[in-house]
>>> print(open('data-v6.tsv').read())   # TSV, C-alpha atoms
chain	number	residue	atom	x	y	z
A	1	MET	CA	-28.53	-19.47	-22.21
A	2	ASP	CA	-28.90	-20.49	-25.83
A	3	GLU	CA	-26.08	-18.43	-27.24
A	4	LEU	CA	-23.54	-19.75	-24.74
A	5	GLU	CA	-24.56	-23.31	-25.56
A	6	LEU	CA	-24.23	-22.57	-29.25
A	7	LEU	CA	-20.81	-21.13	-28.58
A	8	LYS	CA	-19.88	-24.23	-26.60
A	9	SER	CA	-20.76	-26.59	-29.41
A	10	HIS	CA	-18.84	-24.46	-31.91
A	11	TRP	CA	-15.93	-24.18	-29.50
A	12	LYS	CA	-15.68	-27.95	-29.22
A	13	LYS	CA	-15.71	-28.44	-32.96
A	14	GLU	CA	-13.01	-25.85	-33.29
A	15	SER	CA	-10.89	-27.54	-30.63
A	16	ASN	CA	-10.28	-30.37	-32.99
A	17	ALA	CA	-9.35	-28.16	-35.88
A	18	THR	CA	-5.77	-28.67	-36.95
A	19	ASP	CA	-5.03	-25.39	-38.68
A	20	LYS	CA	-3.15	-23.90	-35.73
A	21	LYS	CA	-0.15	-25.93	-34.87
A	22	PHE	CA	3.35	-25.10	-33.86
A	23	THR	CA	5.90	-27.65	-34.92
A	24	SER	CA	8.06	-29.37	-32.33
A	25	ASN	CA	10.95	-27.23	-33.59
A	26	ASP	CA	8.96	-24.07	-32.87
A	27	LEU	CA	8.13	-25.34	-29.42
A	28	TYR	CA	11.70	-26.36	-28.81
A	29	SER	CA	13.02	-22.89	-29.58
A	30	MET	CA	10.33	-21.34	-27.37
A	31	LEU	CA	11.53	-23.33	-24.36
A	32	HIS	CA	14.87	-21.62	-24.51
A	33	LYS	CA	13.55	-18.08	-24.79
A	34	LYS	CA	13.61	-15.81	-21.79
A	35	SER	CA	10.48	-15.30	-19.78
A	36	SER	CA	9.10	-11.79	-19.52
A	37	SER	CA	6.72	-12.50	-16.69
A	38	ILE	CA	5.80	-10.16	-13.87
A	39	VAL	CA	7.59	-12.40	-11.38
A	40	LYS	CA	10.84	-12.08	-13.24
A	41	THR	CA	10.55	-8.30	-13.48
A	42	LEU	CA	9.67	-8.13	-9.80
A	43	PHE	CA	12.70	-10.26	-9.01
A	44	TYR	CA	15.03	-7.93	-10.92
A	45	ILE	CA	13.48	-4.88	-9.31
A	46	SER	CA	13.95	-6.32	-5.82
A	47	ILE	CA	17.60	-7.14	-6.54
A	48	ALA	CA	18.16	-3.64	-7.94
A	49	GLU	CA	16.43	-2.21	-4.89
A	50	LEU	CA	18.63	-4.10	-2.45
A	51	LEU	CA	21.81	-3.30	-4.34
A	52	PHE	CA	20.95	0.37	-4.69
A	53	TRP	CA	20.51	0.94	-0.96
A	54	ILE	CA	23.40	-1.32	0.05
A	55	LEU	CA	25.74	0.47	-2.35
A	56	LEU	CA	24.47	3.86	-1.29
A	57	ASN	CA	25.20	3.04	2.35
A	58	GLY	CA	28.44	1.28	1.52
A	59	PHE	CA	29.88	4.07	-0.59
A	60	SER	CA	29.03	6.77	1.86
A	61	LEU	CA	30.62	4.73	4.64
A	62	ILE	CA	33.79	3.89	2.79
A	63	TYR	CA	34.44	6.90	0.62
A	64	SER	CA	32.90	9.90	2.25
A	65	GLU	CA	35.06	11.44	4.89
A	66	SER	CA	32.52	14.09	5.70
A	67	TYR	CA	29.93	11.37	6.22
A	68	THR	CA	32.21	9.58	8.68
A	69	LYS	CA	32.97	12.90	10.33
A	70	SER	CA	29.31	13.75	10.76
A	71	MET	CA	28.61	10.23	12.03
A	72	ARG	CA	31.30	10.81	14.63
A	73	MET	CA	29.76	14.17	15.42
A	74	ILE	CA	26.33	12.62	15.87
A	75	TYR	CA	27.28	9.50	17.76
A	76	GLY	CA	30.51	10.56	19.45
A	77	ASP	CA	33.75	8.63	19.26
A	78	GLY	CA	32.49	5.35	20.72
A	79	TYR	CA	31.19	2.38	18.81
A	80	THR	CA	27.66	3.75	18.38
A	81	ALA	CA	28.17	4.46	14.67
A	82	GLU	CA	29.48	0.94	14.07
A	83	ILE	CA	26.58	-0.55	16.01
A	84	PHE	CA	24.09	1.38	13.88
A	85	THR	CA	25.83	0.25	10.71
A	86	ALA	CA	25.78	-3.37	11.89
A	87	ILE	CA	22.06	-3.10	12.70
A	88	SER	CA	21.29	-1.62	9.30
A	89	TYR	CA	23.14	-4.47	7.54
A	90	ALA	CA	21.33	-7.00	9.73
A	91	ILE	CA	18.03	-5.46	8.63
A	92	ILE	CA	19.09	-5.72	4.99
A	93	LEU	CA	19.89	-9.40	5.55
A	94	VAL	CA	16.45	-9.95	7.05
A	95	PHE	CA	14.88	-8.35	3.97
A	96	VAL	CA	17.02	-10.47	1.64
A	97	TYR	CA	15.85	-13.58	3.48
A	98	LEU	CA	12.19	-12.50	3.40
A	99	LEU	CA	12.40	-11.69	-0.30
A	100	TYR	CA	14.05	-15.01	-1.07
A	101	LYS	CA	11.36	-16.88	0.83
A	102	SER	CA	8.63	-14.89	-0.80
A	103	HIS	CA	9.98	-15.42	-4.32
A	104	LYS	CA	10.29	-19.13	-3.59
A	105	SER	CA	6.65	-19.30	-2.55
A	106	ILE	CA	5.44	-18.06	-5.94
A	107	ASN	CA	4.17	-21.16	-7.65
A	108	THR	CA	2.52	-21.21	-11.06
A	109	LEU	CA	0.72	-24.39	-10.07
A	110	ASP	CA	-1.21	-22.67	-7.30
A	111	ASN	CA	-4.74	-21.51	-7.99
A	112	ALA	CA	-5.07	-18.05	-9.53
A	113	LYS	CA	-5.97	-16.30	-6.30
A	114	LYS	CA	-3.14	-17.83	-4.28
A	115	LEU	CA	-0.64	-17.08	-7.03
A	116	MET	CA	-1.73	-13.44	-7.15
A	117	LYS	CA	-1.53	-13.21	-3.38
A	118	SER	CA	2.01	-14.52	-3.22
A	119	ILE	CA	3.13	-12.08	-5.91
A	120	LEU	CA	1.48	-9.21	-4.07
A	121	ASN	CA	3.18	-10.36	-0.85
A	122	THR	CA	6.57	-10.12	-2.52
A	123	ARG	CA	5.70	-6.65	-3.67
A	124	LYS	CA	4.72	-5.81	-0.08
A	125	ILE	CA	8.12	-6.87	1.24
A	126	ILE	CA	9.85	-4.65	-1.32
A	127	LYS	CA	7.49	-1.87	-0.29
A	128	TYR	CA	8.43	-2.24	3.38
A	129	TYR	CA	12.08	-2.24	2.44
A	130	VAL	CA	11.63	0.99	0.51
A	131	ILE	CA	9.65	2.56	3.37
A	132	TYR	CA	12.33	1.51	5.84
A	133	ASN	CA	15.03	3.10	3.71
A	134	LEU	CA	13.07	6.26	3.12
A	135	VAL	CA	12.43	6.66	6.84
A	136	VAL	CA	16.11	6.09	7.63
A	137	VAL	CA	17.23	8.49	4.89
A	138	SER	CA	14.83	11.26	5.90
A	139	LEU	CA	15.65	10.85	9.59
A	140	SER	CA	19.37	10.97	8.89
A	141	MET	CA	18.83	14.04	6.73
A	142	VAL	CA	16.96	15.78	9.55
A	143	PHE	CA	19.56	14.73	12.12
A	144	GLY	CA	22.39	15.54	9.78
A	145	PHE	CA	21.08	19.04	9.11
A	146	TYR	CA	20.48	19.60	12.81
A	147	ILE	CA	23.93	18.43	13.89
A	148	VAL	CA	25.72	20.31	11.14
A	149	LEU	CA	23.85	23.50	11.92
A	150	HIS	CA	24.53	23.24	15.63
A	151	LYS	CA	27.86	21.50	15.97
A	152	ASP	CA	29.90	22.46	12.93
A	153	PRO	CA	32.16	25.26	14.24
A	154	ASN	CA	32.44	27.04	10.85
A	155	LEU	CA	28.74	27.03	10.25
A	156	THR	CA	27.68	28.04	13.76
A	157	GLU	CA	29.96	31.04	13.48
A	158	ASN	CA	28.33	32.09	10.19
A	159	LEU	CA	24.86	31.36	11.40
A	160	ALA	CA	25.37	33.52	14.48
A	161	HIS	CA	24.74	36.56	12.22
A	162	PHE	CA	21.39	35.20	11.07
A	163	SER	CA	18.24	36.75	12.44
A	164	SER	CA	15.64	34.39	13.86
A	165	ALA	CA	13.47	34.95	10.77
A	166	GLN	CA	16.37	33.94	8.55
A	167	MET	CA	17.01	30.89	10.71
A	168	ASN	CA	13.36	29.89	10.44
A	169	SER	CA	13.38	30.16	6.67
A	170	LEU	CA	16.60	28.11	6.59
A	171	TYR	CA	14.86	25.39	8.61
A	172	ALA	CA	11.84	25.62	6.34
A	173	VAL	CA	14.01	25.17	3.23
A	174	LEU	CA	15.77	22.17	4.76
A	175	ILE	CA	12.45	20.57	5.74
A	176	VAL	CA	11.07	21.13	2.25
A	177	ILE	CA	14.20	19.55	0.74
A	178	THR	CA	13.84	16.49	2.98
A	179	ILE	CA	10.12	16.07	2.28
A	180	GLY	CA	10.60	16.75	-1.42
A	181	PHE	CA	13.37	14.17	-1.71
A	182	THR	CA	11.35	11.52	0.13
A	183	LEU	CA	8.22	12.24	-1.92
A	184	ILE	CA	10.00	12.06	-5.26
A	185	ILE	CA	11.48	8.64	-4.46
A	186	TRP	CA	8.12	7.43	-3.12
A	187	LEU	CA	6.27	8.58	-6.23
A	188	PHE	CA	8.88	6.91	-8.39
A	189	TYR	CA	8.16	3.58	-6.71
A	190	LYS	CA	4.43	4.09	-6.86
A	191	LEU	CA	4.73	4.64	-10.58
A	192	ILE	CA	6.90	1.58	-11.21
A	193	TYR	CA	4.73	-0.79	-9.21
A	194	GLY	CA	1.48	0.82	-10.23
A	195	PHE	CA	2.41	0.28	-13.84
A	196	LEU	CA	3.71	-3.25	-13.35
A	197	LEU	CA	0.97	-4.61	-11.14
A	198	LYS	CA	-2.11	-2.71	-12.28
A	199	ARG	CA	-3.69	-5.64	-14.06
A	200	LEU	CA	-2.77	-8.12	-11.36
A	201	ASN	CA	-4.25	-5.92	-8.67
A	202	ARG	CA	-7.46	-5.50	-10.64
A	203	ASN	CA	-7.84	-9.25	-11.15
A	204	TYR	CA	-7.04	-9.99	-7.52
A	205	GLN	CA	-9.67	-7.52	-6.35
A	206	GLU	CA	-12.16	-9.11	-8.72
A	207	LEU	CA	-11.58	-12.54	-7.14
A	208	LYS	CA	-11.56	-11.14	-3.61
A	209	LYS	CA	-14.80	-9.27	-4.18
A	210	LEU	CA	-16.53	-12.64	-4.51
A	211	GLU	CA	-15.62	-13.71	-1.02
A	212	ILE	CA	-17.39	-10.82	0.65
B	1	MET	CA	17.14	-30.97	-17.21
B	2	THR	CA	17.95	-33.87	-19.46
B	3	LYS	CA	17.40	-33.93	-23.18
B	4	GLU	CA	15.09	-36.85	-22.65
B	5	LYS	CA	12.83	-34.85	-20.35
B	6	GLU	CA	12.83	-32.02	-22.86
B	7	ASN	CA	11.72	-34.29	-25.67
B	8	GLU	CA	9.07	-35.86	-23.50
B	9	PHE	CA	7.73	-32.39	-22.67
B	10	ILE	CA	7.73	-31.27	-26.29
B	11	VAL	CA	5.77	-34.36	-27.34
B	12	LEU	CA	3.13	-33.70	-24.67
B	13	LEU	CA	2.95	-30.00	-25.44
B	14	GLU	CA	2.67	-30.56	-29.16
B	15	LYS	CA	-0.16	-32.98	-28.58
B	16	HIS	CA	-2.09	-30.67	-26.27
B	17	GLN	CA	-1.13	-27.30	-27.74
B	18	ASN	CA	-4.72	-26.54	-28.63
B	19	ILE	CA	-5.43	-25.74	-24.98
B	20	VAL	CA	-2.76	-23.05	-25.01
B	21	HIS	CA	-3.96	-21.70	-28.34
B	22	LYS	CA	-7.47	-21.37	-26.97
B	23	VAL	CA	-6.26	-19.45	-23.93
B	24	CYS	CA	-4.29	-17.15	-26.23
B	25	ARG	CA	-7.28	-16.62	-28.48
B	26	LEU	CA	-9.40	-15.41	-25.60
B	27	TYR	CA	-6.81	-13.12	-24.08
B	28	THR	CA	-5.17	-11.54	-27.10
B	29	ASN	CA	-6.37	-9.67	-30.13
B	30	ASN	CA	-3.73	-10.14	-32.74
B	31	TYR	CA	-1.28	-12.58	-34.21
B	32	ASN	CA	1.85	-11.25	-32.49
B	33	ALA	CA	0.25	-11.00	-29.07
B	34	HIS	CA	-1.14	-14.50	-29.52
B	35	ASN	CA	2.29	-15.92	-30.26
B	36	ASP	CA	3.89	-13.95	-27.50
B	37	LEU	CA	1.45	-15.21	-24.88
B	38	PHE	CA	1.81	-18.72	-26.29
B	39	GLN	CA	5.53	-18.48	-25.81
B	40	GLU	CA	5.24	-17.19	-22.24
B	41	ILE	CA	2.85	-20.02	-21.35
B	42	THR	CA	5.27	-22.52	-22.89
B	43	ILE	CA	8.12	-21.11	-20.80
B	44	GLN	CA	6.02	-21.25	-17.64
B	45	LEU	CA	4.89	-24.81	-18.40
B	46	TRP	CA	8.46	-25.87	-18.94
B	47	LYS	CA	9.58	-24.17	-15.72
B	48	ALA	CA	6.83	-25.93	-13.79
B	49	TYR	CA	7.36	-29.27	-15.52
B	50	PRO	CA	9.70	-30.71	-12.86
B	51	LYS	CA	6.86	-30.22	-10.37
B	52	PHE	CA	4.38	-31.93	-12.63
B	53	ARG	CA	3.40	-35.23	-11.15
B	54	GLY	CA	2.42	-38.04	-13.43
B	55	ASP	CA	-0.76	-38.65	-11.48
B	56	ALA	CA	-2.25	-35.38	-12.69
B	57	LYS	CA	-3.28	-35.25	-16.31
B	58	PHE	CA	-0.93	-33.12	-18.39
B	59	SER	CA	-3.87	-31.37	-20.02
B	60	THR	CA	-5.54	-30.53	-16.66
B	61	TRP	CA	-2.27	-29.12	-15.47
B	62	MET	CA	-1.97	-27.03	-18.64
B	63	TYR	CA	-5.27	-25.29	-17.97
B	64	ARG	CA	-4.02	-24.03	-14.65
B	65	VAL	CA	-0.60	-22.85	-15.80
B	66	GLY	CA	-2.08	-21.42	-19.01
B	67	LEU	CA	-4.73	-19.37	-17.25
B	68	ASN	CA	-2.37	-18.32	-14.48
B	69	THR	CA	0.05	-17.01	-17.06
B	70	ALA	CA	-2.67	-15.20	-19.02
B	71	ILE	CA	-4.34	-13.48	-16.09
B	72	THR	CA	-1.47	-13.07	-13.65
B	73	LEU	CA	2.05	-13.44	-14.96
B	74	TYR	CA	1.89	-12.23	-18.52
B	75	ARG	CA	3.42	-8.91	-19.40
B	76	LYS	CA	3.50	-7.85	-23.01
B	77	SER	CA	6.99	-8.12	-24.37
B	78	LYS	CA	8.66	-6.91	-27.51
B	79	ARG	CA	10.52	-10.08	-28.31
B	80	LYS	CA	10.43	-11.34	-31.83
B	81	ILE	CA	8.89	-14.68	-32.39
B	82	GLU	CA	10.13	-16.83	-35.19
B	83	THR	CA	8.18	-19.85	-36.14
B	84	GLN	CA	8.38	-22.11	-39.10
B	85	GLN	CA	4.81	-22.46	-40.14
B	86	PHE	CA	1.97	-20.93	-38.34
B	87	GLU	CA	-1.02	-19.22	-39.75
B	88	ALA	CA	-2.76	-16.34	-38.09
B	89	PHE	CA	-6.29	-17.27	-37.33
B	90	GLU	CA	-9.41	-15.78	-35.98
B	91	PHE	CA	-12.45	-17.61	-34.84
B	92	LYS	CA	-13.35	-19.40	-37.97
B	93	ILE	CA	-16.95	-19.98	-38.61
B	94	SER	CA	-17.61	-22.25	-41.46
B	95	ALA	CA	-20.69	-21.38	-43.43
B	96	GLU	CA	-21.38	-24.96	-44.34
B	97	GLU	CA	-22.05	-25.97	-40.79
B	98	TYR	CA	-24.06	-23.02	-39.61
B	99	ASP	CA	-26.84	-21.07	-41.16
B	100	ASN	CA	-26.63	-17.31	-41.39
B	101	THR	CA	-28.46	-16.48	-38.18
B	102	GLU	CA	-26.32	-18.86	-36.20
B	103	GLU	CA	-23.18	-17.54	-37.79
B	104	GLU	CA	-24.17	-14.03	-36.90
B	105	GLN	CA	-25.03	-15.09	-33.37
B	106	LEU	CA	-21.69	-16.81	-32.94
B	107	LYS	CA	-19.78	-13.80	-34.16
B	108	LEU	CA	-21.61	-11.59	-31.71
B	109	MET	CA	-21.00	-14.05	-28.89
B	110	TYR	CA	-17.25	-14.17	-29.53
B	111	LYS	CA	-17.18	-10.42	-29.63
B	112	ALA	CA	-19.11	-10.22	-26.36
B	113	VAL	CA	-16.81	-12.72	-24.62
B	114	LYS	CA	-13.81	-10.69	-25.74
B	115	GLN	CA	-15.25	-7.68	-23.94
B	116	LEU	CA	-15.37	-9.44	-20.56
B	117	ASN	CA	-12.72	-8.84	-17.92
B	118	ASP	CA	-9.87	-11.31	-17.35
B	119	ILE	CA	-11.55	-13.28	-14.57
B	120	ASP	CA	-14.91	-13.52	-16.35
B	121	LYS	CA	-13.13	-14.73	-19.46
B	122	ALA	CA	-11.44	-17.44	-17.40
B	123	LEU	CA	-14.83	-18.62	-16.17
B	124	VAL	CA	-16.28	-18.68	-19.66
B	125	PHE	CA	-13.20	-20.48	-20.95
B	126	LEU	CA	-13.46	-23.23	-18.32
B	127	TYR	CA	-17.20	-23.47	-18.93
B	128	LEU	CA	-16.69	-23.86	-22.67
B	129	GLU	CA	-14.08	-26.51	-21.95
B	130	ASP	CA	-16.74	-28.45	-20.05
B	131	LYS	CA	-15.08	-28.09	-16.67
B	132	ASN	CA	-17.34	-28.62	-13.70
B	133	TYR	CA	-17.72	-26.07	-10.90
B	134	THR	CA	-15.33	-27.98	-8.62
B	135	GLU	CA	-12.58	-27.67	-11.21
B	136	ILE	CA	-13.45	-24.04	-11.94
B	137	SER	CA	-13.34	-23.15	-8.25
B	138	GLU	CA	-10.04	-25.00	-7.75
B	139	THR	CA	-8.42	-23.31	-10.72
B	140	LEU	CA	-9.42	-19.80	-9.71
B	141	GLY	CA	-9.18	-20.21	-5.94
B	142	ILE	CA	-12.78	-19.32	-5.14
B	143	SER	CA	-15.46	-21.42	-3.49
B	144	GLU	CA	-17.74	-23.57	-5.59
B	145	VAL	CA	-20.78	-21.54	-4.58
B	146	ASN	CA	-19.04	-18.36	-5.60
B	147	ALA	CA	-18.00	-19.91	-8.89
B	148	ARG	CA	-21.68	-20.63	-9.63
B	149	VAL	CA	-22.76	-17.15	-8.56
B	150	LYS	CA	-20.04	-15.61	-10.68
B	151	MET	CA	-20.93	-17.74	-13.70
B	152	ASN	CA	-24.56	-16.61	-13.47
B	153	ARG	CA	-23.42	-13.01	-13.32
B	154	VAL	CA	-21.19	-13.54	-16.35
B	155	LYS	CA	-24.13	-14.98	-18.28
B	156	LYS	CA	-26.20	-11.94	-17.38
B	157	LYS	CA	-23.34	-9.68	-18.38
B	158	LEU	CA	-23.12	-11.40	-21.75
B	159	LYS	CA	-26.85	-10.97	-22.22
B	160	THR	CA	-26.55	-7.26	-21.51
B	161	ILE	CA	-23.70	-6.90	-23.97
B	162	LEU	CA	-25.67	-8.77	-26.62
B	163	ASN	CA	-28.96	-6.95	-26.00
B	164	PRO	CA	-28.05	-3.50	-24.78
>>> encode(input="data-v6.tsv", output="C-alpha cells")
Amino acid sequence: MDELELLKSHWKKESNATDKKFTSNDLYSMLHKKSSSIVKTLFYISIAELLFWILLNGFSLIYSESYTKSMRMIYGDGYTAEIFTAISYAIILVFVYLLYKSHKSINTLDNAKKLMKSILNTRKIIKYYVIYNLVVVSLSMVFGFYIVLHKDPNLTENLAHFSSAQMNSLYAVLIVITIGFTLIIWLFYKLIYGFLLKRLNRNYQELKKLEI
Amino acid sequence: MTKEKENEFIVLLEKHQNIVHKVCRLYTNNYNAHNDLFQEITIQLWKAYPKFRGDAKFSTWMYRVGLNTAITLYRKSKRKIETQQFEAFEFKISAEEYDNTEEEQLKLMYKAVKQLNDIDKALVFLYLEDKNYTEISETLGISEVNARVKMNRVKKKLKTILNP
C-alpha cells in the first residue's frame, strides 16, 4: 500500500525530530506521581468490596441484639450460628487469597492479551465474591422473614388476624423487597465495572476474535 | 529503589522518550491527554523497571509497556501535569520535504489511522516502527499468522476510510 509506505518514511523522519522532549526534571517528577491505571482502581474497589461486606457482617454480629436473637431463633441455642459465622469468614479469607494472587499475576510485561486476561480474571473473582454475598444476603433475608413471621410470638399473634389474601400480599411484598434489594446492588456493580472495563473488554474481544 | 537506579532509569527514558511520545500521539487527541498518557506510561515503566533484565533492549521493552498502558491500563485522569518546557505538537509535515499531493496524502493517512480501533492502531504503530510479525505477535499475544491476517485487514480498512 503506497500511502502506508509513505507514512512509514515520514514517521521515521519524524522519530528523529527533537522538538518534543521532556527534561530529566520533568521525567523525575513524573516518576513520583500516582498511577491512575485500571489495575489500581480495581485494587481499591476489591479492598472496598471486602471491607464493606466484612464490616456489614461484623457490625451486625457485634452490635445488633435482634440479629443475634434471630440467629438464635433460626439455628437454636447450639453452636450452629458460630459455625456459620466461622465458615463465612473462612470464605472471605479464601477470596482475599484469590484476589491477592490474581493481583500479583497482573504483569505489565506480559503480552497485551495475557495482561487483559489477568485483569479480567481479577474482576471475575470480585464478581464471584459479590454474587456470593448477594446470595447469602438474599437467602438470609428470606429465612429471616420466614422465621420472624412464624416464630416471633408478638408477630404471630398479630398475624393470626390476617386473612390468607392479606398473608399472601405480605409475602409478595417481602419477596419484592428481597429481589429489589438484590437487583439494585447487582446493577450498581454492573454499572461500576461496565464503566471501568468497557474499553478493556472491547479490546480483549478484538484480540480474541482473531483466534476463532 | 536506590537513587542510583532512579538516575539510571531517567537517563534511559530521556534517551528513548520518543517511543512513548509516538504511542501517545496515536492514542490521544490533545496536549493534556498526551501528557497524561505519557505520565502513566512513565509510571508503569518505572514500576516494571525492577523486572527489566539487561539482556532485553530497553527500547524493545518500552514498546510493550507503552502499548499495554495505552490499550489496557490507561484511564483518563484529571491530574495536573506540570512540565518545564514542552511544546504541544501535532504531526508536523514540513512543506520543504514533501510536495503538496504528498502532504495532503499524509494528512489524510494520519487522520485515517486515528480513526482505527485501539488494537488496529497498535498493529499500525508496530508496523511503522519496522517491527516484524514475530515481534508484533509477541507484543499483542496473537499468533504470527493472525498478526499478518489482521495487518492485511487493517490495510483494507485504511483504504476504505481513504476512499469511501
>>> interface_residues(input="data-v6.tsv", of="chain A", to="chain B", cutoff="9 Å", atoms="all atoms listed in the file", output="number ranges by chain")
A: 1, 3-12, 14-39, 107-116, 196, 199-200, 203-204, 206-208, 210-211
>>> axis_aligned_box(input="data-v6.tsv", around="range 175-178 of chain A", padding_each_side="6 Å", output="lines of an AutoDock Vina configuration file")
center_x = 12.6
center_y = 18.8
center_z = 3.2
size_x = 15.1
size_y = 16.6
size_z = 17.0
>>> atom_distance(input="data-v6.tsv", atom1="CA of Gly180 in chain A", atom2="CA of Leu139 in chain A")
13.5 Å
>>> atom_distance(input="data-v6.tsv", atom1="CA of Leu42 in chain A", atom2="CA of Ala86 in chain A")
27.4 Å
>>> atom_distance(input="data-v6.tsv", atom1="CA of Lys40 in chain A", atom2="CA of Leu98 in chain A")
16.7 Å
>>> closest_residue(input="data-v6.tsv", among="A:Leu120, A:Ile125, A:Leu134, A:Phe95", to="Gly194 in chain A", atoms="all atoms listed in the file")
A:Leu120
>>> build_atoms(input="data-v6.tsv", residues="range 114-136 of chain A", atoms="N, CA and C atoms", output="mmCIF file, keeping the file's coordinate frame")
data_model
loop_
_atom_site.group_PDB
_atom_site.id
_atom_site.type_symbol
_atom_site.label_atom_id
_atom_site.label_comp_id
_atom_site.auth_asym_id
_atom_site.auth_seq_id
_atom_site.Cartn_x
_atom_site.Cartn_y
_atom_site.Cartn_z
ATOM 1 N N LYS A 114 -4.309 -17.625 -5.135
ATOM 2 C CA LYS A 114 -3.140 -17.830 -4.280
ATOM 3 C C LYS A 114 -1.883 -17.302 -4.974
ATOM 4 N N LEU A 115 -1.801 -17.552 -6.265
ATOM 5 C CA LEU A 115 -0.640 -17.080 -7.030
ATOM 6 C C LEU A 115 -0.558 -15.551 -6.974
ATOM 7 N N MET A 116 -1.714 -14.902 -7.190
ATOM 8 C CA MET A 116 -1.730 -13.440 -7.150
ATOM 9 C C MET A 116 -1.315 -12.945 -5.773
ATOM 10 N N LYS A 117 -1.822 -13.633 -4.747
ATOM 11 C CA LYS A 117 -1.530 -13.210 -3.380
ATOM 12 C C LYS A 117 -0.034 -13.321 -3.098
ATOM 13 N N SER A 118 0.592 -14.402 -3.546
ATOM 14 C CA SER A 118 2.010 -14.520 -3.220
ATOM 15 C C SER A 118 2.846 -13.494 -3.984
ATOM 16 N N ILE A 119 2.402 -13.127 -5.186
ATOM 17 C CA ILE A 119 3.130 -12.080 -5.910
ATOM 18 C C ILE A 119 2.957 -10.737 -5.192
ATOM 19 N N LEU A 120 1.728 -10.477 -4.759
ATOM 20 C CA LEU A 120 1.480 -9.210 -4.070
ATOM 21 C C LEU A 120 2.230 -9.157 -2.732
ATOM 22 N N ASN A 121 2.408 -10.310 -2.095
ATOM 23 C CA ASN A 121 3.180 -10.360 -0.850
ATOM 24 C C ASN A 121 4.629 -9.971 -1.087
ATOM 25 N N THR A 122 5.190 -10.471 -2.184
ATOM 26 C CA THR A 122 6.570 -10.120 -2.520
ATOM 27 C C THR A 122 6.685 -8.613 -2.718
ATOM 28 N N ARG A 123 5.708 -8.084 -3.423
ATOM 29 C CA ARG A 123 5.700 -6.650 -3.670
ATOM 30 C C ARG A 123 5.632 -5.895 -2.342
ATOM 31 N N LYS A 124 4.872 -6.446 -1.388
ATOM 32 C CA LYS A 124 4.720 -5.810 -0.080
ATOM 33 C C LYS A 124 6.061 -5.753 0.652
ATOM 34 N N ILE A 125 6.816 -6.844 0.571
ATOM 35 C CA ILE A 125 8.120 -6.870 1.240
ATOM 36 C C ILE A 125 9.038 -5.802 0.645
ATOM 37 N N ILE A 126 9.029 -5.696 -0.684
ATOM 38 C CA ILE A 126 9.850 -4.650 -1.320
ATOM 39 C C ILE A 126 9.368 -3.280 -0.840
ATOM 40 N N LYS A 127 8.053 -3.153 -0.721
ATOM 41 C CA LYS A 127 7.490 -1.870 -0.290
ATOM 42 C C LYS A 127 7.987 -1.518 1.114
ATOM 43 N N TYR A 128 7.955 -2.504 2.021
ATOM 44 C CA TYR A 128 8.430 -2.240 3.380
ATOM 45 C C TYR A 128 9.908 -1.878 3.380
ATOM 46 N N TYR A 129 10.653 -2.527 2.519
ATOM 47 C CA TYR A 129 12.080 -2.240 2.440
ATOM 48 C C TYR A 129 12.300 -0.793 1.990
ATOM 49 N N VAL A 130 11.517 -0.383 1.011
ATOM 50 C CA VAL A 130 11.630 0.990 0.510
ATOM 51 C C VAL A 130 11.217 1.976 1.609
ATOM 52 N N ILE A 131 10.108 1.669 2.295
ATOM 53 C CA ILE A 131 9.650 2.560 3.370
ATOM 54 C C ILE A 131 10.722 2.665 4.453
ATOM 55 N N TYR A 132 11.276 1.518 4.823
ATOM 56 C CA TYR A 132 12.330 1.510 5.840
ATOM 57 C C TYR A 132 13.476 2.425 5.423
ATOM 58 N N ASN A 133 13.915 2.278 4.172
ATOM 59 C CA ASN A 133 15.030 3.100 3.710
ATOM 60 C C ASN A 133 14.681 4.577 3.647
ATOM 61 N N LEU A 134 13.462 4.850 3.206
ATOM 62 C CA LEU A 134 13.070 6.260 3.120
ATOM 63 C C LEU A 134 13.011 6.889 4.509
ATOM 64 N N VAL A 135 12.501 6.124 5.480
ATOM 65 C CA VAL A 135 12.430 6.660 6.840
ATOM 66 C C VAL A 135 13.845 6.917 7.357
ATOM 67 N N VAL A 136 14.724 5.930 7.159
ATOM 68 C CA VAL A 136 16.110 6.090 7.630
ATOM 69 C C VAL A 136 16.764 7.290 6.954
#
